[in-house]
Structure formats: structure tokens, C-alpha cells
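Asks: One structure follows; several queries about it will come next.
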Amino acid sequence: MLYAFELSGEHEQLPAAEALACLETVGLEFVTHAFFEQCLVVDIRGRKETVEEILRGRVTERLAMTHHILKVVGITESRPEEILRFAENFDPEDFIREGESFVVRAKRIGKHVDYPCEPLEKKIGGYIYRKGFRAKLKAPDVSFRLILSERTVFGVLLSSVDRSDYEARTPQNKPFFHPGVLMPRVARALVNIARTKAGDLFLDPFCGTGGILVEAGLLKARVLGIDAQEKLVLGARINLKAFGADYVLLEGDACRVPLKAETVDAVVTDPPYGRSAAILAESLEKLYAGAFMEIYRVLKPGGLAVVVSDKPAYEYGEKAGLEVLDIYAQRVHRSLTRTITVFRKLR
Ligand SMILES: C[S@@+](CC[C@H](N)C(=O)[O-])C[C@H]1O[C@@H](n2cnc3c(N)ncnc32)[C@H](O)[C@@H]1O
């Protein structure tokens with residue numbers, strides 16, 4: 001069965017990478033079918049009811065950079081006559097039961113179409129209405145959705161991600177605030193990309209106020225944070241407590257992690273850039289080299305580490321023995337573009 005992830009436009013690749021990582025983490029068997037701007041279509045194998053329960057539950061709860069998950073009805077060209085031809089000929093009975101109400105909603109992505117959505121929604125609504133179903137704009141039983149991107153994905157809404165939870169956890173809204181923190185949606189996406197699972201031992205060796213740890217903690221990982229500044233460790237404790245995380249925090253040095261080798265399942269970290277955040281090391285070079293050696297040592301074989309930096313970090317990781325899987329650039333503002341590097345420790 002084909003399913004579509006209607007992705008947020010906050011980054012070109014991270015939302016799709018996060019969605020694919022979540023499917024892998026929950027153990028679904030899938031292949032990518034198509035990737036359009038803000039829309040990823042995957043072919044998922046398995047019993048339909050089980051797959052949809054997992055998508056609606058565990059996958060939706062984890063995601064930060066997806067708006068909606070749809071069950072795909074069809075994929076067409078984005079010209080209105082093609083979309084209407086498809087909509088007129090599909091059989092709604094495969095997606096909506098007798099007596100149920102429906103709505104049709106369309107979303108234009110980027111500059112792929114230059115016509116308004118409303119007439120399209122109305123016409124398609126009319127086709128479905130004439131086949132004997134009841135239209136209802138508010139709280140309908142079934143929502144048909146069109147994602148108008150390079151191609152148009154026509155689907156039925158399976159679930160929506162409640163992104164307001166992430167807004168509620170913005171750094172300023174947490175009990176302890178200190179500037180220079182990743183936004184929770186970005187932190188959650190990176191925790192997902194690191195394939196963090198419930199019960200995993202998760203490490204952030206430059207934890208600051210604990211923003212990344214909070215996101216991993218909400219996914220029920222056991223989180224361990226280290227920071228060189230006592231006041232931030234105390235602040236991180238306040239934040240982690242507030243979100244009910246299972247945590248251990250240490251004031252210490254990322255270059256000397258007090259853990260045995262191969263004990264950590266996943267690492268996500270945002271080391272200091274040497275701009276405003278304090279560094280406890282002779283130089284930024286030595287700090288990165290030492291921290292990567294430790295990340296390599298404590299990671300379990302096959303484990304992933306995601307590192308955010310303001311300059312390329314892949315060489316430090318490679319020197320320490322890690323394999324580079326992906327590198328993403330994320331523009332924050334005119335003078336800061338973050339590099340997000342995904343590493344794996346080989347088995
Ligand atoms: C960019 S901030 C991390 C922000 C963090 N993600 C948060 O949610 O607040 C980098 C952190 O590295 C810490 N740091 C600097 N040198 C360190 C070292 N040698 N070992 C551990 N932490 C260090 C700083 O105190 C700072 O809190």
C-alpha cells in the first residue's frame with residue numbers, strides 16, 4: 001500500500017529523512033516510491049490494519065517535521081484537468097463507508113501550480129457527493145487531501161502531527177532558559193534520524209540546557225547528558241524533570257565520558273561553535289577531536305551519531321573511525337548555516 005507524508009517546508013531534506021528513519025525505527029518494511037517537494041510517498045508492506053495502526057500511533061507521535069500522513073488514493077499530473085479526471089473516476093467506496101461524511105482539502109506546494117485550490121476542492125467534493133456521500137466541512141468522518149506538488153498526490157487523511165506540542169516546548173517556554181539552543185522540532189527530527197528507541201541509552205555529551213535530551217526522553221530513551229558548566233547541568237536537570245525524563249546528568253568533559261566502550265545506542269549533540277558558547281578545552285580543534293574519539297568509543301557498533309556544527313565536522317568523525325552517512329546544511333540566519341552530519345559506527 002502507498003502512504004504519503006505531507007512534509008513541512010522548513011528544510012528540503014530533513015523532514016523526509018526523519019520520516020524514513022521513523023518507519024525504520026518502528027520496524028515497518030518499506031521502499032520509497034516517490035519524493036516530491038514536501039511530499040514523500042512510501043510503499044509499505046504488511047497487513048493494512050497493522051500498518052495503519054502503527055502509522056497513526058507510534059509514527060505520528062514521534063514525528064516533528066511532518067504535517068499529515070495520508071493513505072494514497074492515486075498520483076496524477078498536477079494539471080487541473082488531469083486531477084479532475086482522476087477524481088471523477090475513482091471509487092470513493094474504497095475509502096469511505098456508507099453514511100459517513102467527508103471533506104476535500106487541497107494544499108499547493110511551492111510554485112508547482114498557479115491555480116487556486118478552492119474550485120478544485122468544490123468540484124471534487126461534488127463528484128463524491130453525487131456518488132451518495134454527505135459533505136461536512138467541520139469534523140467529517142473522512143478527509144480527502146490533495147498535495148499539489150511536482151505531481152499531485154490524492155489521498156485520505158490517516159493522521160496529523162500535533163506540532164503545537166513543539167511550540168509549547170520552545171526554549172523560552174521551558175522552566176530553565178539559556179540562549180543558543182536548537183528548536184525542539186529540529187532536536188526531535190535529529191533524535192529520530194539517530195533511530196532512537198524506547199529503552200535506548202542516549203548520549204548528548206554537550207547537553208547545555210538539555211533541549212536534545214528532552215526530545216529523546218519523551219521517546220522514552222534513558223538519557224545521559226554531560227556539560228562543562230555547572231549552571232547548565234543544574235538547568236538541564238530542571239528541564240528534564242519538568243518533562244518526566246529518565247535521565248542522568250554530569251558536570252564533565254565531552255573528551256572524557258565516564259562510560260564503558262560500546263554502551264550507547266545513539267548520540268545527538270550540538271557542540272559549541274566557538275562563537276558565544278563557552279568551551280572547556282585548549283582549542284575548538286582539540287575539543288572536536290577528543291569528543292569524536294569518545295563518541296566512537298562509547299557507541300555500540302551500528303549505532304548512529306548526529307552532530308550539529310557551524311563548520312564541516314565529517315573529518316573529525318572519520319578520523320575517529322566513524323562512517324559518514326549524510327550531511328545536511330541548515331540555514332539559521334545570514335551569518336549562521338549549521339552543518340548536520342550523520343555518522344555510523346560500523347559493525
Ligand atoms: C551549543 S551548546 C549546547 C546547547 C544544547 N543543545 C542545549 O539544548 O542547551 C554547547 C555546550 O557545550 C558545553 N561545553 C563546552 N565545552 C565542553 C566540554 N569540554 N565538555 C562538555 N561540554 C562542553 C557548553 O557549556 C555548552 O553548554
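To be explicit about the labels: the chains of the C-alpha cells are called A, B, and onward in the order shown, and within each one the residues are counted from 1, while ligands get numbers from 1 in the order they are shown.
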Quick one: residues within 7 Å of ligand 1, with only C-alpha atoms and all ligand atoms, as number ranges by chain?

Replies: A: 178, 180-182, 205-212, 226-229, 232, 252-255, 269-273, 277-281, 287

Asks: Identify, with DSSP run on backbone atoms, the residues in range 86-310 of chain A assigned to alpha helix (DSSP H), and express the list as a VMD selection string.

Replies: chain A and resid 86 to 89 118 to 130 164 to 168 184 to 193 211 to 218 230 to 242 284 to 298

Asks: Quick check for you: according to DSSP on this backbone, which residues of range 92-328 of chain A are classed as strand (DSSP E or B)? Reply as a PyMOL selection string.

Replies: chain A and resi 101-108+134-135+142-148+152-160+201-204+222-227+246-251+264-269+299-309+323-328

Asks: Within 12 Å of Val156 in chain A, counting only C-alpha atoms, which residues show up once you throw out same-chain ones fewer than 3 positions away? Write them as a PyMOL selection string, please.

Replies: chain A and resi 2-6+52+68-74+92+94-96+102-106+140-147+153+159-160

Asks: Selected residues, N, CA and C atoms, written as a compact mmCIF listing (two decimals), in the first residue's frame, please.

Replies:
# COMPACT_ATOMS: atom_id res chain seq x y z
N LEU A 2 0.39 2.27 -0.73
CA LEU A 2 1.15 3.52 -0.76
C LEU A 2 0.62 4.48 0.31
N TYR A 3 1.56 5.11 1.01
CA TYR A 3 1.23 6.14 2.02
C TYR A 3 2.07 7.37 1.73
N ALA A 4 1.49 8.55 2.00
CA ALA A 4 2.21 9.79 1.72
C ALA A 4 2.42 10.57 3.02
N PHE A 5 3.59 11.15 3.15
CA PHE A 5 3.90 12.04 4.27
C PHE A 5 3.89 13.45 3.72
N GLU A 6 2.95 14.27 4.21
CA GLU A 6 2.91 15.68 3.81
C GLU A 6 3.89 16.40 4.72
N GLU A 52 -1.48 0.59 9.40
CA GLU A 52 -2.15 1.88 9.65
C GLU A 52 -2.22 2.21 11.14
N HIS A 68 0.99 15.76 7.95
CA HIS A 68 -0.07 14.74 7.89
C HIS A 68 0.48 13.46 7.25
N ILE A 69 -0.17 12.35 7.58
CA ILE A 69 0.10 11.10 6.87
C ILE A 69 -1.18 10.72 6.13
N LEU A 70 -1.04 10.36 4.86
CA LEU A 70 -2.22 10.01 4.05
C LEU A 70 -2.09 8.60 3.50
N LYS A 71 -3.24 7.99 3.32
CA LYS A 71 -3.31 6.74 2.56
C LYS A 71 -3.52 7.19 1.11
N VAL A 72 -2.67 6.74 0.20
CA VAL A 72 -2.73 7.28 -1.16
C VAL A 72 -3.86 6.65 -1.96
N VAL A 73 -4.66 7.53 -2.57
CA VAL A 73 -5.72 7.07 -3.47
C VAL A 73 -5.14 7.00 -4.89
N GLY A 74 -4.35 7.99 -5.25
CA GLY A 74 -3.72 8.00 -6.57
C GLY A 74 -2.75 9.15 -6.72
N PRO A 92 -15.00 6.16 -4.46
CA PRO A 92 -14.88 6.58 -3.05
C PRO A 92 -15.19 5.45 -2.08
N ASP A 94 -14.08 2.70 -1.72
CA ASP A 94 -12.89 2.01 -1.20
C ASP A 94 -12.33 2.73 0.02
N PHE A 95 -12.76 3.99 0.26
CA PHE A 95 -12.15 4.80 1.32
C PHE A 95 -13.14 5.38 2.31
N ILE A 96 -14.42 5.32 2.00
CA ILE A 96 -15.43 5.91 2.87
C ILE A 96 -16.63 4.96 2.93
N PHE A 102 -17.74 13.55 4.55
CA PHE A 102 -16.38 13.78 4.02
C PHE A 102 -16.15 15.27 3.75
N VAL A 103 -14.86 15.60 3.61
CA VAL A 103 -14.47 16.93 3.15
C VAL A 103 -13.32 16.73 2.16
N VAL A 104 -13.12 17.69 1.27
CA VAL A 104 -11.96 17.64 0.35
C VAL A 104 -11.14 18.89 0.61
N ARG A 105 -9.84 18.67 0.86
CA ARG A 105 -8.94 19.81 1.08
C ARG A 105 -7.73 19.67 0.16
N ALA A 106 -7.27 20.80 -0.37
CA ALA A 106 -6.10 20.75 -1.25
C ALA A 106 -5.05 21.73 -0.74
N PRO A 140 -15.46 16.06 9.70
CA PRO A 140 -16.03 14.99 8.87
C PRO A 140 -15.43 13.63 9.27
N ASP A 141 -16.08 12.55 8.83
CA ASP A 141 -15.53 11.22 9.14
C ASP A 141 -14.28 10.96 8.30
N VAL A 142 -14.29 11.43 7.07
CA VAL A 142 -13.16 11.15 6.15
C VAL A 142 -12.71 12.47 5.51
N SER A 143 -11.39 12.72 5.53
CA SER A 143 -10.86 13.91 4.84
C SER A 143 -10.06 13.46 3.63
N PHE A 144 -10.52 13.85 2.45
CA PHE A 144 -9.71 13.61 1.25
C PHE A 144 -8.74 14.79 1.13
N ARG A 145 -7.48 14.52 0.79
CA ARG A 145 -6.48 15.60 0.70
C ARG A 145 -5.72 15.52 -0.60
N LEU A 146 -5.47 16.68 -1.18
CA LEU A 146 -4.63 16.72 -2.39
C LEU A 146 -3.38 17.53 -2.07
N ILE A 147 -2.23 16.96 -2.34
CA ILE A 147 -0.98 17.70 -2.17
C ILE A 147 -0.51 18.04 -3.58
N VAL A 153 -0.58 14.31 -5.27
CA VAL A 153 -0.90 13.11 -4.52
C VAL A 153 -2.28 13.30 -3.92
N SER A 159 -3.63 10.53 9.68
CA SER A 159 -3.33 11.16 10.97
C SER A 159 -2.64 12.50 10.74
N SER A 160 -2.65 13.34 11.78
CA SER A 160 -1.99 14.65 11.73
C SER A 160 -1.07 14.77 12.93

Asks: Give me, as a list in words, all polymer residues having an atom no more than 12 Å from Pro312 in chain A, counting only C-alpha atoms and skipping those fewer than 3 positions away in the same chain.

Replies: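 Residues meeting the cut-off are Tyr273, Glu285, Tyr288, Val307, Val308, Ser309, Glu315, Tyr316, Gly317, Glu318, Val324, Asp326, Ile327, Tyr328, Ala329, Thr337, Arg338, Thr339, Ile340, Thr341 and Val342 of chain A.
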
Asks: Please produce a file of the residues just selected, as a tab-separated table (two decimals), in the first residue's frame, where the atoms kept are N, CA and C atoms.

Replies:
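Just written: result07.tsv:
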chain	number	residue	atom	x	y	z
A	273	TYR	N	30.24	26.23	19.08
A	273	TYR	CA	30.79	26.63	17.78
A	273	TYR	C	32.00	27.55	17.97
A	285	GLU	N	39.54	22.82	17.98
A	285	GLU	CA	40.09	21.66	17.25
A	285	GLU	C	40.24	20.46	18.19
A	288	TYR	N	36.85	19.07	19.43
A	288	TYR	CA	36.16	18.23	18.46
A	288	TYR	C	36.86	16.88	18.32
A	307	VAL	N	25.67	15.03	14.60
A	307	VAL	CA	26.41	16.15	15.20
A	307	VAL	C	26.09	17.44	14.43
A	308	VAL	N	25.75	18.47	15.20
A	308	VAL	CA	25.42	19.78	14.62
A	308	VAL	C	26.64	20.68	14.81
A	309	SER	N	27.07	21.36	13.75
A	309	SER	CA	28.25	22.22	13.89
A	309	SER	C	28.11	23.40	12.95
A	315	GLU	N	35.36	15.34	8.92
A	315	GLU	CA	36.75	14.86	9.00
A	315	GLU	C	37.10	14.38	10.41
A	316	TYR	N	36.59	15.10	11.43
A	316	TYR	CA	36.86	14.68	12.82
A	316	TYR	C	36.25	13.30	13.06
A	317	GLY	N	35.03	13.11	12.55
A	317	GLY	CA	34.34	11.84	12.74
A	317	GLY	C	35.08	10.72	12.02
A	318	GLU	N	35.44	11.01	10.79
A	318	GLU	CA	36.14	9.97	10.00
A	318	GLU	C	37.48	9.60	10.66
A	324	VAL	N	30.57	8.38	7.47
A	324	VAL	CA	29.63	9.48	7.24
A	324	VAL	C	28.47	8.96	6.39
A	326	ASP	N	25.28	10.94	5.97
A	326	ASP	CA	24.62	12.08	5.32
A	326	ASP	C	25.15	13.38	5.89
A	327	ILE	N	25.12	14.41	5.05
A	327	ILE	CA	25.46	15.76	5.54
A	327	ILE	C	24.35	16.69	5.06
A	328	TYR	N	23.77	17.47	5.98
A	328	TYR	CA	22.72	18.43	5.63
A	328	TYR	C	23.20	19.83	6.02
A	329	ALA	N	22.83	20.83	5.22
A	329	ALA	CA	23.11	22.21	5.60
A	329	ALA	C	21.79	22.83	6.04
A	337	THR	N	25.00	29.11	9.12
A	337	THR	CA	24.44	27.92	8.46
A	337	THR	C	25.00	26.73	9.21
A	338	ARG	N	24.10	25.94	9.81
A	338	ARG	CA	24.55	24.77	10.55
A	338	ARG	C	24.82	23.61	9.60
A	339	THR	N	25.80	22.80	9.97
A	339	THR	CA	26.03	21.55	9.25
A	339	THR	C	25.57	20.43	10.17
A	340	ILE	N	24.74	19.56	9.63
A	340	ILE	CA	24.25	18.42	10.41
A	340	ILE	C	24.85	17.17	9.77
A	341	THR	N	25.69	16.47	10.51
A	341	THR	CA	26.37	15.30	9.93
A	341	THR	C	25.88	14.05	10.64
A	342	VAL	N	25.49	13.06	9.85
A	342	VAL	CA	25.02	11.79	10.41
A	342	VAL	C	26.13	10.76	10.22

Asks: Suppose you want the space between CA of Arg237 in chain A and CA of Leu224 in chain A; what is it in Å?

Replies: 11.0 Å

Asks: CA of Gly225 in chain A and CA of Ile238 in chain A are how many Å apart?

Replies: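 Between CA of Gly225 in chain A and CA of Ile238 in chain A the gap is 12.9 Å.
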
Asks: Find the residues around Val223 in chain A up to 7 Å (only C-alpha atoms counted), leave out those fewer than 6 positions away in its own chain, and share them as a PDB file with C-alpha atoms, in the first residue's frame.

Replies:
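Saved file selection.pdb follows:
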ATOM      1  CA  LEU A 201      20.837   4.638  26.187  1.00  0.00           C
ATOM      2  CA  PHE A 202      21.056   8.052  24.536  1.00  0.00           C
ATOM      3  CA  LEU A 203      24.003  10.441  24.992  1.00  0.00           C
ATOM      4  CA  LEU A 213      17.777  15.180  25.839  1.00  0.00           C
ATOM      5  CA  ALA A 216      14.917  11.766  23.395  1.00  0.00           C
ATOM      6  CA  GLY A 217      13.443  11.448  26.892  1.00  0.00           C
ATOM      7  CA  ASP A 246      14.597   9.128  32.762  1.00  0.00           C
ATOM      8  CA  TYR A 247      17.935  10.967  32.980  1.00  0.00           C
ATOM      9  CA  VAL A 248      21.452  11.136  34.370  1.00  0.00           C
TER      10      VAL A 248
END

Asks: Which residues of range 125-165 of chain A have any atom within 9 Å of an atom in range 21-38 of chain A when counting only C-alpha atoms, and what is the closest pair of atoms for each, with the distance in Å to one decimal? Order the rows by chain and rising number and write it as JSON lines.

Replies:
{"residue": "A:Ile147", "atom": "CA", "partner": "A:Gln38", "partner_atom": "CA", "distance": 8.6}
{"residue": "A:Ser149", "atom": "CA", "partner": "A:Glu37", "partner_atom": "CA", "distance": 6.0}
{"residue": "A:Glu150", "atom": "CA", "partner": "A:Phe36", "partner_atom": "CA", "distance": 5.9}
{"residue": "A:Arg151", "atom": "CA", "partner": "A:Phe36", "partner_atom": "CA", "distance": 7.1}

Asks: Now that the selection is made, can you save its residues with C-alpha atoms as a compact mmCIF listing (two decimals), in the first residue's frame?

Replies:
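Resulting contents of again_3.txt:
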# COMPACT_ATOMS: atom_id res chain seq x y z
CA ILE A 147 -0.98 17.70 -2.17
CA SER A 149 3.47 19.44 -5.76
CA GLU A 150 5.56 18.44 -8.84
CA ARG A 151 2.84 15.80 -9.15

Asks: Kindly give the distance, in Å, that separates CA of Val59 in chain A and CA of Arg163 in chain A, rounded to a single decimal.

Replies: 13.7 Å

Asks: Would you list the contacts of Leu7 in chain A as a VMD selection string, taking every protein, DNA or RNA residue within 10 Å and counting only C-alpha atoms, but skipping same-chain residues closer than 6 positions in sequence?

Replies: chain A and resid 13 to 16 18 to 19 36 to 40 64 to 69

Asks: Write out as a list in words each polymer residue whose atoms come within 9 Å of Leu304 in chain A, counting only C-alpha atoms; drop sequence neighbours fewer than 3 positions from it.

Replies: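 These residues fall inside the cut-off: Ile193, Ala194, Arg195, Thr196, Asp265, Ala266, Val267, Val268, Leu299, Lys300, Pro301, Val342, Phe343, Arg344 and Lys345 of chain A.
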
Asks: Could you take the residues named above and write them with C-alpha atoms, as an mmCIF file, in the first residue's frame?

Replies:
data_model
loop_
_atom_site.group_PDB
_atom_site.id
_atom_site.type_symbol
_atom_site.label_atom_id
_atom_site.label_comp_id
_atom_site.auth_asym_id
_atom_site.auth_seq_id
_atom_site.Cartn_x
_atom_site.Cartn_y
_atom_site.Cartn_z
ATOM 1 C CA ILE A 193 17.284 10.375 12.462
ATOM 2 C CA ALA A 194 19.599 8.766 15.070
ATOM 3 C CA ARG A 195 16.999 5.906 15.246
ATOM 4 C CA THR A 196 16.437 6.453 18.997
ATOM 5 C CA ASP A 265 22.748 3.277 21.369
ATOM 6 C CA ALA A 266 22.514 6.785 19.890
ATOM 7 C CA VAL A 267 24.201 10.187 20.152
ATOM 8 C CA VAL A 268 22.836 13.573 19.112
ATOM 9 C CA LEU A 299 28.794 3.981 20.644
ATOM 10 C CA LYS A 300 27.625 0.435 20.054
ATOM 11 C CA PRO A 301 28.603 -1.000 16.650
ATOM 12 C CA VAL A 342 25.017 11.787 10.409
ATOM 13 C CA PHE A 343 27.690 9.217 11.323
ATOM 14 C CA ARG A 344 27.553 5.471 11.894
ATOM 15 C CA LYS A 345 29.903 3.231 13.774
#
